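All remarks here apply to the structure that follows.
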Amino acid sequence: MPFPQTLSDQVRGIFGRLSPRQRLTVGLAFFGVLAAVIGAVLWAGRPEFSLLYGDLDPGSAGEVVEALREAKVPYRLARGGTAVLVPRDRVYELRVELAGKGVPRGGAAGYELFDRRNLGTSEFVQKVNYKRALEGELSRTIQGMAEISYARVHLALPEERLFKEDQEEPSASIVVAMKPGTRLRPKQVIGIQNLVAGSVEGLKPERVTVLDVYGNILSEQLDRISPTGMAASQMELRQQVEAYLAKKAQTMLDRVLGKDNAVVRVSAELDFQHIERNREYYDPEGAVVISQETEESETPLEGDANASSRTEHTIVNYEVGKTVERIVRSAGSVKRLSAAVLVDERQGLSQAEVARLAALVGRALGLDPGRGDHIEIYAMPFEISEIEAARAEMERAAKRAFWMGVARKAGIVLVVVLMLLWLRSKLRKIPRLLILTEERKPQFTGIERHREVEVPELEEVSPEALKEARLQEYIADFVQKEPDKAARLLRAWLAR
């Protein structure tokens with residue numbers, strides 16, 4: 001009667017009947033599959049990080065990181081330390097929690113400097129703290145603009161003098177760093193100057209200097225009084241008018257001819273003279289009565305004391321009709337427009353179509369032949385080799401990315417399938433080796449009892465498989481008995 005065996009005993013018995021090479025193979029396969037499963041579980045269970053704060057200055061980033069460390073929250077830094085990432089499911093919770101703690105404060109300290117009351121603080125320290133707080137608050141406000149990633153404000157506040165004529169005017173300097181791909185428009189620079197000037201008593205906007213981190217003065221171009229500043233302003237206005245008119249015509253041509261089939265350029269001549277005229281027109285024939293007076297007088301008649309004659313005198317005042325006109329012509333009015341349209345010759349436009357196109361563009365631009373405006377349309381072949389090359393390169397890159405993704409996924413699937421097939425082939429050889437082992441097992445006689453091992457019925461083994469198994473067993477025995485010869489034989493095979 002066979003003795004019952006547990007699963008561990010069965011596995012130990014099967015593993016003990018294998019050769020060292022087969023044990024190594026089965027062990028490597030088992031631990032490889034186990035490592036792959038554990039890696040997949042860890043990869044699937046790892047937390048997904050999302051952006052908590054971005055575009056932070058070093059001081060603010062340090063405050064956020066310190067707060068996360070105190071709360072024992074995992075985090076990651078990105079974009080050169082200017083962005084902080086946390087687990088996605090805790091982003092909004094952490095934002096509310098950090099906002100309650102006043103983190104991040106935005107770099108420079110603000111009015112929170114006065115949250116702590118120090119009774120022993122001198123008047124000088126109080127003035128310095130007020131200046132620091134004002135600079136910090138202004139820096140935070142300016143840094144809140146969409147185009148600015150960093151701002152620093154420096155105020156020069158002179159001491160108050162007894163006499164007004166001895167009082168010096170305050171001034172301010174602002175350093176800003178723009179985000180990549182952005183720039184400050186002149187109106188925004190003026191807005192920053194007015195913001196700082198309105199926050200400091202006695203500070204004028206022209207006393208505020210704005211410059212970028214590269215040392216370029218941004219407020220220099222805002223001088224509208226000097227001839228250089230006026231010329232720059234006039235050139236900027238002209239460019240804006242030309243760009244606006246060219247965009248109007250370009251959008252219409254793109255809808256008619258297709259994108260990149262026509263190019264429009266507009267040249268605008270503006271009149272920057274500011275003229276005020278007062279005119280008075282007089283109409284001699286249009287006399288107007290402005291007043292009328294009548295006087296009566298009595299004269300006694302001679303020879304009759306009781307009789308008298310009455311005389312009436314009428315005085316009429318006239319004034320010539322007058323018309324007063326006040327004419328004001330503002331600067332920047334359009335004096336003359338010129339437009340040039342270049343159409344791709346491949347469109348095959350006829351003369352009539354070109355004429356209609358010229359009329360449509362002229363109406364869209366508001367051309368007036370009476371003031372000398374004109375438009376020209378030419379049909380010429382466009383050079384599209386670079387465009388076609390760029391388009392082809394983009395298509396090739398998209399195809400490469402697609403097939404690389406497909407190949408990556410297919411490679412992963414193929415590796416998994418090959419590992420499973422290899423493991424399956426190794427495990428299928430174990431029953432065959434058990435049969436060979438049982439056939440070669442010696443039989444015990446005499447008073448010694450041996451346990452009969454129940455071998456489950458196995459599928460019929462083909463002669464080729466049996467031959468392969470016996471060959472493997474013979475090689476394993478040869479390696480165990482003659483390791484030196486086996487090593488020399490292996491080196492000879494590898495040297496070929």
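Chain labels run A, B, ... following the order of the structure tokens; each chain numbers its residues from 1, and ligands are numbered from 1 in the order shown.
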Segment 309-358 of chain A near segment 256-263 of chain A within 9 Å: what's each residue's closest atom pair and its distance in Å to one decimal, counting only C-alpha atoms, ordered by chain then ascending residue number, as a Markdown table?
| residue | atom | partner | partner_atom | distance |
| --- | --- | --- | --- | --- |
| A:Ala340 | CA | A:Val263 | CA | 8.2 |
| A:Val341 | CA | A:Val263 | CA | 5.7 |
| A:Leu342 | CA | A:Val263 | CA | 5.1 |
| A:Val343 | CA | A:Ala262 | CA | 4.4 |
| A:Asp344 | CA | A:Asn261 | CA | 5.3 |
| A:Glu345 | CA | A:Asn261 | CA | 8.8 |
| A:Arg346 | CA | A:Asn261 | CA | 8.7 |
| A:Gln347 | CA | A:Leu257 | CA | 7.5 |
For the selection just defined, write its residues with all heavy atoms to a file, as a PDB file, in the first residue's frame.
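Writing done, so here's selection-v2.pdb:
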ATOM      1  N   ALA A 340      -0.660  94.545 -52.500  1.00  0.00           N
ATOM      2  CA  ALA A 340      -0.093  93.641 -53.489  1.00  0.00           C
ATOM      3  C   ALA A 340      -0.513  92.227 -53.130  1.00  0.00           C
ATOM      4  O   ALA A 340      -0.343  91.792 -51.987  1.00  0.00           O
ATOM      5  CB  ALA A 340       1.434  93.753 -53.525  1.00  0.00           C
ATOM      6  N   VAL A 341      -1.069  91.510 -54.120  1.00  0.00           N
ATOM      7  CA  VAL A 341      -1.559  90.151 -53.929  1.00  0.00           C
ATOM      8  C   VAL A 341      -0.824  89.243 -54.893  1.00  0.00           C
ATOM      9  O   VAL A 341      -0.797  89.506 -56.100  1.00  0.00           O
ATOM     10  CB  VAL A 341      -3.078  90.055 -54.144  1.00  0.00           C
ATOM     11  CG1 VAL A 341      -3.552  88.633 -53.909  1.00  0.00           C
ATOM     12  CG2 VAL A 341      -3.805  91.031 -53.231  1.00  0.00           C
ATOM     13  N   LEU A 342      -0.224  88.196 -54.354  1.00  0.00           N
ATOM     14  CA  LEU A 342       0.490  87.218 -55.160  1.00  0.00           C
ATOM     15  C   LEU A 342      -0.271  85.897 -55.078  1.00  0.00           C
ATOM     16  O   LEU A 342      -0.470  85.356 -53.994  1.00  0.00           O
ATOM     17  CB  LEU A 342       1.917  87.046 -54.643  1.00  0.00           C
ATOM     18  CG  LEU A 342       2.895  86.288 -55.542  1.00  0.00           C
ATOM     19  CD1 LEU A 342       3.073  87.018 -56.864  1.00  0.00           C
ATOM     20  CD2 LEU A 342       4.228  86.116 -54.840  1.00  0.00           C
ATOM     21  N   VAL A 343      -0.700  85.400 -56.251  1.00  0.00           N
ATOM     22  CA  VAL A 343      -1.511  84.194 -56.334  1.00  0.00           C
ATOM     23  C   VAL A 343      -0.688  83.105 -57.001  1.00  0.00           C
ATOM     24  O   VAL A 343       0.069  83.366 -57.954  1.00  0.00           O
ATOM     25  CB  VAL A 343      -2.820  84.453 -57.103  1.00  0.00           C
ATOM     26  CG1 VAL A 343      -3.670  83.179 -57.168  1.00  0.00           C
ATOM     27  CG2 VAL A 343      -3.608  85.579 -56.454  1.00  0.00           C
ATOM     28  N   ASP A 344      -0.834  81.889 -56.503  1.00  0.00           N
ATOM     29  CA  ASP A 344      -0.138  80.751 -57.095  1.00  0.00           C
ATOM     30  C   ASP A 344      -0.646  80.508 -58.514  1.00  0.00           C
ATOM     31  O   ASP A 344      -1.852  80.440 -58.760  1.00  0.00           O
ATOM     32  CB  ASP A 344      -0.353  79.498 -56.239  1.00  0.00           C
ATOM     33  CG  ASP A 344       0.574  78.363 -56.644  1.00  0.00           C
ATOM     34  OD1 ASP A 344       1.347  78.532 -57.609  1.00  0.00           O
ATOM     35  OD2 ASP A 344       0.516  77.305 -55.994  1.00  0.00           O
ATOM     36  N   GLU A 345       0.297  80.393 -59.446  1.00  0.00           N
ATOM     37  CA  GLU A 345      -0.065  80.226 -60.852  1.00  0.00           C
ATOM     38  C   GLU A 345      -0.800  78.915 -61.095  1.00  0.00           C
ATOM     39  O   GLU A 345      -1.543  78.781 -62.080  1.00  0.00           O
ATOM     40  CB  GLU A 345       1.205  80.284 -61.705  1.00  0.00           C
ATOM     41  CG  GLU A 345       0.959  80.493 -63.186  1.00  0.00           C
ATOM     42  CD  GLU A 345       2.264  80.633 -63.940  1.00  0.00           C
ATOM     43  OE1 GLU A 345       3.204  79.873 -63.623  1.00  0.00           O
ATOM     44  OE2 GLU A 345       2.361  81.515 -64.823  1.00  0.00           O
ATOM     45  N   ARG A 346      -0.624  77.958 -60.228  1.00  0.00           N
ATOM     46  CA  ARG A 346      -1.291  76.665 -60.390  1.00  0.00           C
ATOM     47  C   ARG A 346      -2.804  76.764 -60.224  1.00  0.00           C
ATOM     48  O   ARG A 346      -3.512  75.806 -60.555  1.00  0.00           O
ATOM     49  CB  ARG A 346      -0.728  75.660 -59.389  1.00  0.00           C
ATOM     50  CG  ARG A 346       0.762  75.399 -59.562  1.00  0.00           C
ATOM     51  CD  ARG A 346       1.266  74.441 -58.505  1.00  0.00           C
ATOM     52  NE  ARG A 346       2.699  74.219 -58.598  1.00  0.00           N
ATOM     53  CZ  ARG A 346       3.606  74.992 -58.034  1.00  0.00           C
ATOM     54  NH1 ARG A 346       3.221  76.050 -57.318  1.00  0.00           N
ATOM     55  NH2 ARG A 346       4.904  74.745 -58.158  1.00  0.00           N
ATOM     56  N   GLN A 347      -3.287  77.875 -59.689  1.00  0.00           N
ATOM     57  CA  GLN A 347      -4.732  78.050 -59.551  1.00  0.00           C
ATOM     58  C   GLN A 347      -5.422  78.217 -60.899  1.00  0.00           C
ATOM     59  O   GLN A 347      -6.617  77.936 -61.029  1.00  0.00           O
ATOM     60  CB  GLN A 347      -5.034  79.258 -58.662  1.00  0.00           C
ATOM     61  CG  GLN A 347      -4.549  79.126 -57.236  1.00  0.00           C
ATOM     62  CD  GLN A 347      -5.274  78.038 -56.491  1.00  0.00           C
ATOM     63  OE1 GLN A 347      -6.492  77.920 -56.578  1.00  0.00           O
ATOM     64  NE2 GLN A 347      -4.526  77.230 -55.762  1.00  0.00           N
TER      65      GLN A 347
END
Next item on the list: Among the residues of segment 186-274 of chain A, find those DSSP assigns to helix (DSSP H, G or I) from the backbone and print them as a PyMOL selection string.
Entry: chain A and resi 186-199+205-207+220-222+227-257
Next item on the list: Would you kindly return, as a PyMOL selection string, each protein, DNA or RNA residue with an atom no farther than 12 Å from any atom of segment 133-143 of chain A, considering only C-alpha atoms and excluding same-chain residues fewer than 2 positions away?
Entry: chain A and resi 55-57+60+104-115+126-131+145-157+172-179+184+188-189+191-201+210
Please, could you write that set of residues out with C-alpha atoms as an mmCIF file, in the first residue's frame?
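Result file is again_29.cif:
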data_model
loop_
_atom_site.group_PDB
_atom_site.id
_atom_site.type_symbol
_atom_site.label_atom_id
_atom_site.label_comp_id
_atom_site.auth_asym_id
_atom_site.auth_seq_id
_atom_site.Cartn_x
_atom_site.Cartn_y
_atom_site.Cartn_z
ATOM 1 C CA ASP A 55 6.427 77.854 -12.803
ATOM 2 C CA LEU A 56 7.636 78.312 -9.231
ATOM 3 C CA ASP A 57 10.665 80.340 -8.271
ATOM 4 C CA SER A 60 8.442 79.067 -3.480
ATOM 5 C CA PRO A 104 3.592 79.226 -1.534
ATOM 6 C CA ARG A 105 4.012 82.846 -0.521
ATOM 7 C CA GLY A 106 5.359 83.913 -3.907
ATOM 8 C CA GLY A 107 9.001 84.486 -3.048
ATOM 9 C CA ALA A 108 9.377 87.867 -1.347
ATOM 10 C CA ALA A 109 7.627 88.498 1.956
ATOM 11 C CA GLY A 110 4.595 90.784 2.020
ATOM 12 C CA TYR A 111 2.444 92.313 4.695
ATOM 13 C CA GLU A 112 2.755 89.143 6.769
ATOM 14 C CA LEU A 113 5.891 90.790 8.171
ATOM 15 C CA PHE A 114 3.574 92.757 10.463
ATOM 16 C CA ASP A 115 1.670 89.716 11.699
ATOM 17 C CA GLN A 126 9.485 99.623 11.011
ATOM 18 C CA LYS A 127 10.224 101.736 7.926
ATOM 19 C CA VAL A 128 12.465 99.037 6.477
ATOM 20 C CA ASN A 129 9.803 96.382 7.081
ATOM 21 C CA TYR A 130 7.150 98.561 5.454
ATOM 22 C CA LYS A 131 9.352 98.982 2.390
ATOM 23 C CA MET A 145 0.433 88.254 -14.909
ATOM 24 C CA ALA A 146 0.176 85.452 -17.459
ATOM 25 C CA GLU A 147 3.391 86.402 -19.294
ATOM 26 C CA ILE A 148 5.618 86.857 -16.232
ATOM 27 C CA SER A 149 7.225 83.996 -14.330
ATOM 28 C CA TYR A 150 9.320 86.077 -11.913
ATOM 29 C CA ALA A 151 9.248 89.701 -10.751
ATOM 30 C CA ARG A 152 11.256 91.740 -8.274
ATOM 31 C CA VAL A 153 10.506 95.331 -7.232
ATOM 32 C CA HIS A 154 13.002 97.783 -5.732
ATOM 33 C CA LEU A 155 11.701 101.043 -4.249
ATOM 34 C CA ALA A 156 13.757 104.142 -3.486
ATOM 35 C CA LEU A 157 11.757 106.102 -0.918
ATOM 36 C CA ALA A 172 11.256 102.358 -8.546
ATOM 37 C CA SER A 173 12.997 99.655 -10.552
ATOM 38 C CA ILE A 174 11.316 96.424 -11.642
ATOM 39 C CA VAL A 175 13.014 93.282 -12.979
ATOM 40 C CA VAL A 176 10.779 90.744 -14.739
ATOM 41 C CA ALA A 177 11.386 87.346 -16.325
ATOM 42 C CA MET A 178 9.040 86.314 -19.110
ATOM 43 C CA LYS A 179 7.808 82.796 -19.694
ATOM 44 C CA LEU A 184 5.267 92.127 -22.731
ATOM 45 C CA GLN A 188 1.336 95.996 -20.339
ATOM 46 C CA VAL A 189 4.580 97.786 -19.474
ATOM 47 C CA GLY A 191 0.156 99.103 -16.823
ATOM 48 C CA ILE A 192 3.006 97.868 -14.611
ATOM 49 C CA GLN A 193 4.362 101.396 -14.291
ATOM 50 C CA ASN A 194 0.952 102.795 -13.350
ATOM 51 C CA LEU A 195 0.389 99.946 -10.884
ATOM 52 C CA VAL A 196 3.600 100.659 -8.998
ATOM 53 C CA ALA A 197 3.137 104.435 -9.214
ATOM 54 C CA GLY A 198 -0.380 104.162 -7.842
ATOM 55 C CA SER A 199 0.815 102.072 -4.901
ATOM 56 C CA VAL A 200 3.544 104.455 -3.727
ATOM 57 C CA GLU A 201 2.714 107.962 -2.594
ATOM 58 C CA VAL A 210 11.061 98.216 -16.100
#
Notebook entry, point to check: Hey, what's within 12 Å of segment 239-244 of chain A if we count only C-alpha atoms and toss same-chain stuff fewer than 5 positions away? As a list in words, please?
Noted result: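 Residues near the query, excluding close chain neighbours: Ala232, Ser233, Gln234, Ala249, Gln250, Thr251, Val264, Arg265, Val266, Ser267, Ala268, Glu269, Leu270, Gly332, Ser333, Val334, Arg336, Leu337, Ser338, Ala339, Ala340, Ala364 and Leu365 of chain A.
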Next item on the list: Counting only C-alpha atoms, figure out which residue out of A:Lys248, A:Lys204, A:Arg132, A:Lys187 gets nearest to Leu360 of chain A.
Entry: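 With only C-alpha atoms as the atom set, the closest residue is A:Lys248.
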Check: Do you have the atom CA of Arg79 of chain A-atom CA of Leu218 of chain A distance handy?
Finding: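 These two atoms are separated by 27.2 Å.
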Check: Please, which residues of segment 141-250 of chain A, numbered as in this document, come out strand (DSSP E or B) from DSSP, as a count of residues only?
Finding: 23
Next item on the list: Between A:Ser50, A:Asn317, A:Ser425, A:Thr121, single out the one closest to Val86 of chain A, counting only C-alpha atoms.
Entry: A:Ser50
